[in-house]
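Taking it in order: structure first as structure tokens, then the write-up.
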Amino acid sequence: MKEKLAIKGGPRAVPEGTVKPWPPVDEVDRKMVLASLEEDCHTFAHNCEALQEEFAAWNGNKCAITTNSGTAALHMGLVACDCGAGDEVIVTAYSWSSSVTCVLHHNCVPVFVDIDFDTMNMDVDRIEAAVTPRTKAIIPVHLHGLPVDMEKVMAIADKHGLKVIEDACQAHGARFQGKKVGTLGHCAAFSLNQNKCLCGGEGGMFVTDDEEMLEKAKSLWSFGETRTPLEDRDYHVYALGWMYRNNELSAAFARAQLTKLDRYLAAMKANAQRLGECLQGVPNLILPTEPEGCDHNWYNYTIRFDMEALGHAGDACAFRDKILEAMKAEGADVIVWQRYILPAMTVFQAKNGYGKGCPWDCPHAGRVDYSPEQYPAAQKHADSHVGIGTPLRSPNGPEVAELTAAGIRKVMENIDELEQPA
Ligand SMILES: Cc1ncc(COP(=O)(O)O)c(C=O)c1O
């Protein structure tokens, strides 16, 4: 149906004020955070310890350490897996930066693998070609909440004696073959950042079932010491250490949110399903897939514009941005999450890590090539996607998904009102 787009002066598809912010805050949150505030200790203490136990129980892990970010938990994964200077770690070409910069943090060398365009995750069929005698670990990222095919990843890891660090920062509650992410590799990292399914403001969680790996991770976590602040500390630095501990206020908030997490995840799934139903038949959209055996958590419902079907041979990224602006003008809360592929980022192109060429010029390191042309699927994705997050989260219900879909549909059905960039 022909309609005047809001960006051209027509009426909005989604009324102002429709989308409510994430996360909902209720009495449970207020009570737990204020109780923590009234206590004397605001650094790592009993709320942090309780959060570790409760999260490990919720996810089905033997051990957990709470951190001040998901990035910290990923870095701890590197040390838990015995990665050292110059070792290679296989990573995905498209994700959040810290899925890869965590490798640099430990003076190791990232080796990128292109994504599978359909799932947006690391192309598991390309991992084995990236393995060299220097490879120590693989970091599969369950991007946007869709689990990676961990059966294939673990088979490659077992064959080559590699360790697997799951980046589950976006994927709380997602499952592969019925098992929760974070229980499938040797260790895993979750984020508790504002936008994540479990919010503590900021924060993270390192999980593993291996107590030896836990001890190694713990040494990096708290100044290189081996004891937590609740134990009898000797203040001795046993290993290279950072300060990656979580704090009581964030942990109290995350504990409160954890009591509601299953409900929030179920609502997100139902809303995503409704969005998917409403987007059926919208022209020139590529909808996300959920391969058999995968249980998506729908952290980010990512759609792509089919540039070929749209007949657009010019700057895909510029056209995507135009479509995005038109959708935003309709009031649809759509975003571009990550517009750059990782190997194209300056830190990798300039090979500028710790300075003086490290880690790439380390005597233990091999030569790696980060020419962006090696990652065409990641580039195509980066140039053509937009994502829907907040509209699918509580307290927003299916009616918000319906309105968001209406805004998206309106733009795609009237796309000839937008001029295509060269
Ligand atoms: C896939 C992925 N990995 C890692 C991180 C890092 O988590 P944090 O922001 O808690 O450090 C994020 C956060 O945005 C992420 O999306």
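Residues in the structure tokens are named by chain (A, B, ... in the order shown) and by number from 1 within that chain; ligands are numbered from 1 in the order shown.
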Within 7 Å of ligand 1, counting only C-alpha atoms and all ligand atoms, residues as a JSON list (two decimals) with N, CA and C atoms, in the first residue's frame:
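The new file part_4.json reads:
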[["chain", "number", "residue", "atom", "x", "y", "z"],
["A", 69, "SER", "N", 33.34, -6.54, 33.93],
["A", 69, "SER", "CA", 32.86, -6.48, 32.54],
["A", 69, "SER", "C", 32.94, -7.86, 31.90],
["A", 70, "GLY", "N", 32.23, -7.99, 30.80],
["A", 70, "GLY", "CA", 32.34, -9.21, 30.00],
["A", 70, "GLY", "C", 33.72, -9.28, 29.36],
["A", 71, "THR", "N", 34.26, -8.13, 29.00],
["A", 71, "THR", "CA", 35.60, -8.07, 28.41],
["A", 71, "THR", "C", 36.63, -8.68, 29.36],
["A", 72, "ALA", "N", 36.52, -8.32, 30.65],
["A", 72, "ALA", "CA", 37.43, -8.88, 31.66],
["A", 72, "ALA", "C", 37.29, -10.39, 31.73],
["A", 95, "SER", "N", 31.93, -9.08, 15.28],
["A", 95, "SER", "CA", 31.40, -9.16, 16.65],
["A", 95, "SER", "C", 31.67, -7.82, 17.31],
["A", 96, "TRP", "N", 31.46, -7.81, 18.62],
["A", 96, "TRP", "CA", 31.89, -6.67, 19.41],
["A", 96, "TRP", "C", 33.41, -6.70, 19.49],
["A", 98, "SER", "N", 35.59, -6.44, 21.81],
["A", 98, "SER", "CA", 36.33, -7.19, 22.85],
["A", 98, "SER", "C", 36.31, -8.69, 22.66],
["A", 99, "SER", "N", 35.48, -9.20, 21.73],
["A", 99, "SER", "CA", 35.58, -10.63, 21.39],
["A", 99, "SER", "C", 36.95, -10.93, 20.82],
["A", 141, "VAL", "N", 31.61, -16.80, 19.21],
["A", 141, "VAL", "CA", 30.71, -15.79, 19.81],
["A", 141, "VAL", "C", 29.27, -16.17, 19.43],
["A", 143, "LEU", "N", 26.55, -14.84, 18.63],
["A", 143, "LEU", "CA", 26.21, -13.45, 18.32],
["A", 143, "LEU", "C", 24.70, -13.21, 18.29],
["A", 167, "ASP", "N", 32.16, -16.88, 23.93],
["A", 167, "ASP", "CA", 31.73, -15.51, 24.20],
["A", 167, "ASP", "C", 30.20, -15.53, 24.20],
["A", 168, "ALA", "N", 29.67, -15.63, 25.43],
["A", 168, "ALA", "CA", 28.21, -15.72, 25.60],
["A", 168, "ALA", "C", 27.67, -14.39, 26.13],
["A", 169, "CYS", "N", 28.43, -13.32, 25.87],
["A", 169, "CYS", "CA", 28.07, -12.02, 26.46],
["A", 169, "CYS", "C", 26.66, -11.57, 26.10],
["A", 170, "GLN", "N", 26.18, -11.99, 24.92],
["A", 170, "GLN", "CA", 24.83, -11.56, 24.51],
["A", 170, "GLN", "C", 23.81, -12.70, 24.63],
["A", 191, "SER", "N", 28.26, -11.02, 29.82],
["A", 191, "SER", "CA", 28.29, -9.60, 30.19],
["A", 191, "SER", "C", 27.04, -9.27, 31.02],
["A", 192, "LEU", "N", 27.22, -8.36, 31.96],
["A", 192, "LEU", "CA", 26.08, -7.87, 32.76],
["A", 192, "LEU", "C", 25.88, -6.38, 32.51],
["A", 193, "ASN", "N", 26.32, -5.94, 31.35],
["A", 193, "ASN", "CA", 26.23, -4.53, 30.99],
["A", 193, "ASN", "C", 24.76, -4.11, 30.81],
["A", 202, "GLU", "N", 27.00, -2.37, 34.82],
["A", 202, "GLU", "CA", 28.14, -2.99, 34.15],
["A", 202, "GLU", "C", 28.43, -4.27, 34.93],
["A", 203, "GLY", "N", 29.30, -5.10, 34.37],
["A", 203, "GLY", "CA", 29.69, -6.32, 35.08],
["A", 203, "GLY", "C", 29.81, -7.48, 34.12],
["A", 204, "GLY", "N", 30.31, -8.59, 34.65],
["A", 204, "GLY", "CA", 30.47, -9.77, 33.81],
["A", 204, "GLY", "C", 30.58, -11.01, 34.67]]
Write out as a count of residues only which residues come within 9 Å of Ser219 in chain A when counting only C-alpha atoms, dropping same-chain ones fewer than 6 positions away.
11
Write out as a PyMOL selection string each polymer residue whose atoms come within 9 Å of range 4-11 of chain A, counting only C-alpha atoms; drop sequence neighbours fewer than 3 positions from it.
chain A and resi 325-331+410-411+414-415+417-418
I'd like the contact shell of range 176-188 of chain A - 9 Å cut-off, only C-alpha atoms, skipping same-chain residues fewer than 4 positions apart - returned as a PyMOL selection string.
chain A and resi 59-61+73-74+77+80-81+142+146-151+153-154+163-169+171-172+205-210+213-214+292-296
Exercise: Val113 in chain A partners within 10 Å, only C-alpha atoms, chain neighbours under 3 positions left out, as a CSV table (one decimal) with C-alpha atoms, in the first residue's frame:
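What ended up in out-v2.csv:
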chain,number,residue,atom,x,y,z
A,90,ILE,CA,40.9,-18.1,16.3
A,91,VAL,CA,38.2,-15.4,16.4
A,92,THR,CA,35.2,-14.3,14.3
A,93,ALA,CA,35.5,-11.4,11.8
A,94,TYR,CA,32.3,-9.8,13.0
A,110,PRO,CA,44.0,-13.1,16.7
A,116,ASP,CA,28.5,-17.5,7.8
A,121,ASN,CA,28.2,-16.4,13.5
A,122,MET,CA,31.8,-17.6,12.8
A,123,ASP,CA,31.7,-20.0,9.8
A,124,VAL,CA,32.5,-23.2,11.6
A,125,ASP,CA,33.4,-24.9,8.3
A,126,ARG,CA,36.3,-22.4,7.9
A,127,ILE,CA,37.9,-22.9,11.4
A,128,GLU,CA,40.1,-25.8,10.6
A,129,ALA,CA,41.8,-24.0,7.7
A,130,ALA,CA,42.8,-21.3,10.3
A,343,PRO,CA,39.9,-7.1,10.9
A,374,GLN,CA,39.2,-12.1,3.1
A,375,TYR,CA,36.0,-11.6,5.0
A,378,ALA,CA,31.2,-10.2,7.3
